[in-house]
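input21.cif follows (mmCIF, C-alpha atoms):
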data_protein
loop_
_atom_site.group_PDB
_atom_site.id
_atom_site.type_symbol
_atom_site.label_atom_id
_atom_site.label_comp_id
_atom_site.auth_asym_id
_atom_site.auth_seq_id
_atom_site.Cartn_x
_atom_site.Cartn_y
_atom_site.Cartn_z
ATOM 1 C CA MET P 228 -23.822 50.459 -51.709
ATOM 2 C CA VAL P 229 -26.041 47.490 -52.541
ATOM 3 C CA THR P 230 -28.336 46.009 -49.912
ATOM 4 C CA VAL P 231 -29.311 42.368 -50.193
ATOM 5 C CA SER P 232 -32.277 41.033 -48.294
ATOM 6 C CA PRO P 233 -32.578 37.341 -47.477
ATOM 7 C CA PRO P 234 -35.022 35.346 -49.574
ATOM 8 C CA ASP P 235 -38.565 34.794 -48.330
ATOM 9 C CA THR P 236 -38.240 31.050 -48.909
ATOM 10 C CA TRP P 237 -35.476 28.748 -47.706
ATOM 11 C CA ALA P 238 -34.958 25.208 -46.438
ATOM 12 C CA TYR P 239 -32.633 23.412 -44.041
ATOM 13 C CA ALA P 240 -32.277 19.643 -43.848
ATOM 14 C CA LEU P 241 -30.519 17.637 -41.174
ATOM 15 C CA ARG P 242 -29.991 13.884 -41.033
ATOM 16 C CA LEU P 243 -30.210 12.556 -37.484
ATOM 17 C CA LEU P 244 -28.714 9.340 -36.203
ATOM 18 C CA PRO P 245 -30.813 7.071 -33.974
ATOM 19 C CA ASP P 246 -29.297 8.619 -30.858
ATOM 20 C CA PRO P 247 -30.806 9.946 -27.610
ATOM 21 C CA CYS P 248 -29.175 13.333 -28.374
ATOM 22 C CA ALA P 249 -31.036 13.676 -31.702
ATOM 23 C CA ALA P 250 -33.836 15.867 -30.310
ATOM 24 C CA HIS P 251 -31.319 18.242 -28.723
ATOM 25 C CA VAL P 252 -29.299 18.493 -31.937
ATOM 26 C CA ALA P 253 -32.508 19.133 -33.920
ATOM 27 C CA ARG P 254 -33.663 21.862 -31.488
ATOM 28 C CA MET P 255 -30.305 23.641 -31.639
ATOM 29 C CA THR P 256 -30.334 23.457 -35.433
ATOM 30 C CA ALA P 257 -33.858 24.921 -35.521
ATOM 31 C CA ARG P 258 -32.804 27.680 -33.102
ATOM 32 C CA ALA P 259 -29.803 28.606 -35.282
ATOM 33 C CA ALA P 260 -31.795 28.541 -38.532
ATOM 34 C CA LEU P 261 -34.670 30.628 -37.189
ATOM 35 C CA GLY P 262 -32.324 33.063 -35.461
ATOM 36 C CA GLY P 263 -30.416 33.517 -38.696
ATOM 37 C CA HIS P 264 -33.619 34.401 -40.505
ATOM 38 C CA GLY P 265 -34.967 36.714 -37.803
ATOM 39 C CA LEU P 266 -37.809 34.379 -36.795
ATOM 40 C CA ARG P 267 -37.284 34.329 -33.040
ATOM 41 C CA GLU P 268 -41.012 34.983 -32.423
ATOM 42 C CA VAL P 269 -41.901 31.423 -33.520
ATOM 43 C CA LEU P 270 -38.916 29.743 -31.881
ATOM 44 C CA ASP P 271 -40.752 28.264 -28.874
ATOM 45 C CA VAL P 272 -43.405 26.566 -31.014
ATOM 46 C CA VAL P 273 -40.886 25.337 -33.594
ATOM 47 C CA GLU P 274 -38.620 23.928 -30.865
ATOM 48 C CA LEU P 275 -41.587 22.126 -29.282
ATOM 49 C CA LEU P 276 -42.700 20.654 -32.619
ATOM 50 C CA THR P 277 -39.149 19.675 -33.526
ATOM 51 C CA SER P 278 -38.513 18.063 -30.161
ATOM 52 C CA GLU P 279 -41.767 16.076 -30.134
ATOM 53 C CA LEU P 280 -41.462 14.825 -33.709
ATOM 54 C CA VAL P 281 -37.776 13.877 -33.462
ATOM 55 C CA THR P 282 -38.332 12.203 -30.085
ATOM 56 C CA ASN P 283 -41.173 10.137 -31.578
ATOM 57 C CA ALA P 284 -38.927 9.117 -34.476
ATOM 58 C CA TYR P 285 -36.195 8.067 -32.034
ATOM 59 C CA ARG P 286 -38.547 6.195 -29.681
ATOM 60 C CA HIS P 287 -40.641 4.386 -32.285
ATOM 61 C CA THR P 288 -38.138 3.475 -35.010
ATOM 62 C CA ASN P 289 -34.684 1.927 -35.180
ATOM 63 C CA GLY P 290 -33.262 3.880 -38.074
ATOM 64 C CA PRO P 291 -32.123 7.400 -38.802
ATOM 65 C CA ALA P 292 -34.464 10.372 -39.101
ATOM 66 C CA SER P 293 -34.352 13.651 -40.979
ATOM 67 C CA LEU P 294 -35.477 17.114 -39.954
ATOM 68 C CA ARG P 295 -36.449 19.650 -42.598
ATOM 69 C CA LEU P 296 -37.342 23.265 -41.867
ATOM 70 C CA THR P 297 -38.889 25.054 -44.834
ATOM 71 C CA ALA P 298 -39.963 28.684 -45.071
ATOM 72 C CA LEU P 299 -42.780 28.587 -47.586
ATOM 73 C CA GLY P 300 -43.191 32.347 -47.968
ATOM 74 C CA GLY P 301 -46.006 34.487 -46.697
ATOM 75 C CA GLY P 302 -44.922 33.924 -43.098
ATOM 76 C CA ARG P 303 -45.514 30.148 -43.249
ATOM 77 C CA LEU P 304 -42.979 27.659 -41.889
ATOM 78 C CA ARG P 305 -43.080 23.868 -42.215
ATOM 79 C CA VAL P 306 -41.401 21.561 -39.709
ATOM 80 C CA GLY P 307 -41.050 18.081 -41.169
ATOM 81 C CA VAL P 308 -39.547 14.930 -39.705
ATOM 82 C CA TRP P 309 -39.094 11.714 -41.647
ATOM 83 C CA ASP P 310 -38.116 8.379 -40.144
ATOM 84 C CA SER P 311 -37.697 4.764 -41.188
ATOM 85 C CA SER P 312 -41.153 3.591 -40.117
ATOM 86 C CA PRO P 313 -43.554 2.556 -42.895
ATOM 87 C CA HIS P 314 -46.525 3.542 -40.684
ATOM 88 C CA ILE P 315 -48.168 6.973 -40.740
ATOM 89 C CA PRO P 316 -48.761 8.425 -37.243
ATOM 90 C CA ALA P 317 -52.453 8.564 -36.272
ATOM 91 C CA LEU P 318 -52.649 12.369 -36.463
ATOM 92 C CA PHE P 319 -51.553 12.402 -40.111
ATOM 93 C CA ASP P 320 -53.429 9.253 -41.168
ATOM 94 C CA GLN P 321 -56.867 10.852 -40.689
ATOM 95 C CA SER P 322 -58.928 13.340 -42.617
ATOM 96 C CA PRO P 323 -58.270 17.062 -41.990
ATOM 97 C CA GLY P 324 -60.052 18.308 -38.896
ATOM 98 C CA SER P 325 -59.849 14.942 -37.093
ATOM 99 C CA ARG P 326 -58.673 15.133 -33.509
ATOM 100 C CA VAL P 327 -56.225 12.914 -31.641
ATOM 101 C CA ALA P 328 -57.905 11.067 -28.783
ATOM 102 C CA PRO P 329 -57.178 12.515 -25.341
ATOM 103 C CA VAL P 330 -54.602 10.700 -23.231
ATOM 104 C CA PRO P 331 -55.561 9.474 -19.745
ATOM 105 C CA ALA P 332 -54.254 11.810 -17.028
ATOM 106 C CA ASP P 333 -52.181 9.043 -15.411
ATOM 107 C CA ALA P 334 -50.479 7.979 -18.675
ATOM 108 C CA SER P 335 -46.698 8.432 -18.745
ATOM 109 C CA GLY P 336 -46.594 9.244 -22.456
ATOM 110 C CA GLY P 337 -48.667 9.608 -25.582
ATOM 111 C CA ARG P 338 -49.101 13.376 -25.596
ATOM 112 C CA GLY P 339 -46.643 14.248 -28.361
ATOM 113 C CA LEU P 340 -49.052 14.158 -31.301
ATOM 114 C CA LEU P 341 -51.680 15.997 -29.251
ATOM 115 C CA LEU P 342 -49.129 18.788 -28.689
ATOM 116 C CA VAL P 343 -48.320 18.826 -32.394
ATOM 117 C CA GLN P 344 -52.009 19.034 -33.244
ATOM 118 C CA GLU P 345 -52.527 21.956 -30.867
ATOM 119 C CA CYS P 346 -49.588 23.842 -32.401
ATOM 120 C CA VAL P 347 -50.601 23.419 -36.032
ATOM 121 C CA GLY P 348 -54.288 23.903 -35.898
#
Rewrite the structure of this file - the entire thing - as structure tokens.
Amino acid sequence: MVTVSPPDTWAYALRLLPDPCAAHVARMTARAALGGHGLREVLDVVELLTSELVTNAYRHTNGPASLRLTALGGGRLRVGVWDSSPHIPALFDQSPGSRVAPVPADASGGRGLLLVQECVG
């Protein structure tokens, strides 16, 4: 009998329509992909990142978005979201180690990139 183990690296890509259900669809896709690769221990963080990034794409652009989950090997996983905006979000437009400015406590939004920053470093 031959045993085959799944590869250490893999990628999933999903095109998302500009729809309020996009974040839900992206989270369920992430859950299925990670479950299929035995990565349930990182599911909560990946779902949070996926939800925040896809929600930002939906709220701040008018076009479609894409989600890409990539296992880079060595236990590393990349969650990427692309959208139709030509602008780079503040968190990614700064030098490494820069911090997103805190959001006022009474603000109704603006915490998404802060959450992303806390999850990735």
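By chain and then residue number, the residues within 12 Å of Leu304 in chain P are Asp235, Thr236, Trp237, Ala238, Tyr239, Ala257, Ala260, Leu261, His264, Leu266, Val269, Leu270, Val272, Val273, Leu276, Arg295, Leu296, Thr297, Ala298, Leu299, Gly300, Gly301, Gly302, Val306, Gly307 and Val347 of chain P, counting all atoms listed in the file and disregarding those fewer than 2 positions away in sequence.
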Nearby residues (only C-alpha atoms) at most 10 Å from Val252 in chain P, same-chain spacing under 4 positions excluded, as a VMD selection string:
chain P and resid 241 243 246 to 248 256 to 258 278 281
Selected residues written out with C-alpha atoms, as a tab-separated table (two decimals), in the coordinates of the input:
chain	number	residue	atom	x	y	z
P	241	LEU	CA	-30.52	17.64	-41.17
P	243	LEU	CA	-30.21	12.56	-37.48
P	246	ASP	CA	-29.30	8.62	-30.86
P	247	PRO	CA	-30.81	9.95	-27.61
P	248	CYS	CA	-29.18	13.33	-28.37
P	256	THR	CA	-30.33	23.46	-35.43
P	257	ALA	CA	-33.86	24.92	-35.52
P	258	ARG	CA	-32.80	27.68	-33.10
P	278	SER	CA	-38.51	18.06	-30.16
P	281	VAL	CA	-37.78	13.88	-33.46
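Nearest to Ser312 in chain P of all the residues P:His287, P:Arg267, P:Arg242, P:Arg254 is P:His287, counting all atoms listed in the file.
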note - CA of Leu342 in chain P and CA of Gly265 in chain P are separated by 24.6 Å
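For the choices P:Met255, P:Ala249, P:Ser311, P:Leu275, the atom-to-atom distance to Asn289 in chain P is smallest for P:Ser311 when using all atoms listed in the file.
Taking CA of Glu274 in chain P and CA of Glu345 in chain P as the two end points, the separation is 14.0 Å.
In this structure, CA of Ala284 in chain P sits 20.7 Å away from CA of Pro329 in chain P.
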*To verify the selection step, state as an NGL selection string which residues the PyMOL selection byres ((chain P and resi 245) around 6) yields on this input.*
:P and (244 or 246 or 285 or 290-291)
Write out the residues from the selection above, keeping C-alpha atoms, as an mmCIF file, keeping the file's coordinate frame.
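Just written: part-v9.cif:
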data_model
loop_
_atom_site.group_PDB
_atom_site.id
_atom_site.type_symbol
_atom_site.label_atom_id
_atom_site.label_comp_id
_atom_site.auth_asym_id
_atom_site.auth_seq_id
_atom_site.Cartn_x
_atom_site.Cartn_y
_atom_site.Cartn_z
ATOM 1 C CA LEU P 244 -28.714 9.340 -36.203
ATOM 2 C CA ASP P 246 -29.297 8.619 -30.858
ATOM 3 C CA TYR P 285 -36.195 8.067 -32.034
ATOM 4 C CA GLY P 290 -33.262 3.880 -38.074
ATOM 5 C CA PRO P 291 -32.123 7.400 -38.802
#
Could you extract range 285-306 of chain P of the given structure into a file holding N, CA, C and O atoms, as a short mmCIF file (atom, residue, chain, number, x, y, z; two decimals), in the first residue's frame?
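Full text of out14.cif as output:
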data_model
loop_
_atom_site.label_atom_id
_atom_site.label_comp_id
_atom_site.auth_asym_id
_atom_site.auth_seq_id
_atom_site.Cartn_x
_atom_site.Cartn_y
_atom_site.Cartn_z
N TYR P 285 -14.95 45.26 0.20
CA TYR P 285 -16.36 45.49 -0.15
C TYR P 285 -16.77 46.93 0.18
O TYR P 285 -17.42 47.60 -0.62
N ARG P 286 -16.40 47.40 1.37
CA ARG P 286 -16.84 48.73 1.82
C ARG P 286 -16.17 49.88 1.09
O ARG P 286 -16.75 50.95 0.94
N HIS P 287 -14.92 49.69 0.66
CA HIS P 287 -14.15 50.82 0.15
C HIS P 287 -13.87 50.79 -1.35
O HIS P 287 -13.16 51.65 -1.86
N THR P 288 -14.43 49.80 -2.05
CA THR P 288 -14.28 49.75 -3.50
C THR P 288 -15.62 49.39 -4.13
O THR P 288 -16.54 48.96 -3.43
N ASN P 289 -15.72 49.54 -5.43
CA ASN P 289 -16.95 49.21 -6.13
C ASN P 289 -16.84 47.96 -6.98
O ASN P 289 -17.82 47.51 -7.55
N GLY P 290 -15.65 47.42 -7.08
CA GLY P 290 -15.45 46.29 -7.97
C GLY P 290 -15.31 44.98 -7.23
O GLY P 290 -15.49 44.91 -6.02
N PRO P 291 -14.96 43.94 -7.97
CA PRO P 291 -14.77 42.63 -7.37
C PRO P 291 -13.50 42.59 -6.54
O PRO P 291 -12.66 43.50 -6.61
N ALA P 292 -13.36 41.54 -5.76
CA ALA P 292 -12.15 41.31 -4.96
C ALA P 292 -11.75 39.86 -5.14
O ALA P 292 -12.52 39.05 -5.67
N SER P 293 -10.55 39.54 -4.72
CA SER P 293 -10.07 38.17 -4.77
C SER P 293 -9.42 37.82 -3.44
O SER P 293 -8.71 38.63 -2.87
N LEU P 294 -9.67 36.62 -2.99
CA LEU P 294 -9.04 36.07 -1.80
C LEU P 294 -8.05 35.01 -2.25
O LEU P 294 -8.36 34.21 -3.13
N ARG P 295 -6.88 35.01 -1.67
CA ARG P 295 -5.90 33.96 -1.96
C ARG P 295 -5.30 33.49 -0.65
O ARG P 295 -4.77 34.28 0.12
N LEU P 296 -5.40 32.20 -0.40
CA LEU P 296 -4.79 31.55 0.76
C LEU P 296 -3.62 30.74 0.24
O LEU P 296 -3.79 29.92 -0.67
N THR P 297 -2.43 30.97 0.78
CA THR P 297 -1.24 30.30 0.29
C THR P 297 -0.45 29.73 1.46
O THR P 297 -0.03 30.48 2.34
N ALA P 298 -0.25 28.43 1.45
CA ALA P 298 0.65 27.79 2.42
C ALA P 298 2.05 27.89 1.83
O ALA P 298 2.31 27.38 0.74
N LEU P 299 2.92 28.58 2.53
CA LEU P 299 4.25 28.86 2.01
C LEU P 299 5.28 27.81 2.43
O LEU P 299 6.43 27.89 2.04
N GLY P 300 4.88 26.86 3.23
CA GLY P 300 5.82 25.87 3.76
C GLY P 300 6.37 26.34 5.09
O GLY P 300 6.29 27.52 5.45
N GLY P 301 6.91 25.43 5.85
CA GLY P 301 7.48 25.80 7.13
C GLY P 301 6.46 26.32 8.13
O GLY P 301 6.79 27.09 9.02
N GLY P 302 5.19 25.95 7.96
CA GLY P 302 4.16 26.39 8.88
C GLY P 302 3.65 27.81 8.64
O GLY P 302 2.90 28.35 9.44
N ARG P 303 4.07 28.44 7.54
CA ARG P 303 3.63 29.82 7.25
C ARG P 303 2.44 29.80 6.30
O ARG P 303 2.37 28.99 5.38
N LEU P 304 1.50 30.71 6.55
CA LEU P 304 0.29 30.83 5.73
C LEU P 304 0.07 32.30 5.40
O LEU P 304 0.14 33.15 6.29
N ARG P 305 -0.18 32.59 4.13
CA ARG P 305 -0.45 33.97 3.72
C ARG P 305 -1.93 34.10 3.36
O ARG P 305 -2.48 33.27 2.64
N VAL P 306 -2.55 35.15 3.89
CA VAL P 306 -3.92 35.50 3.54
C VAL P 306 -3.83 36.79 2.74
O VAL P 306 -3.39 37.81 3.27
#
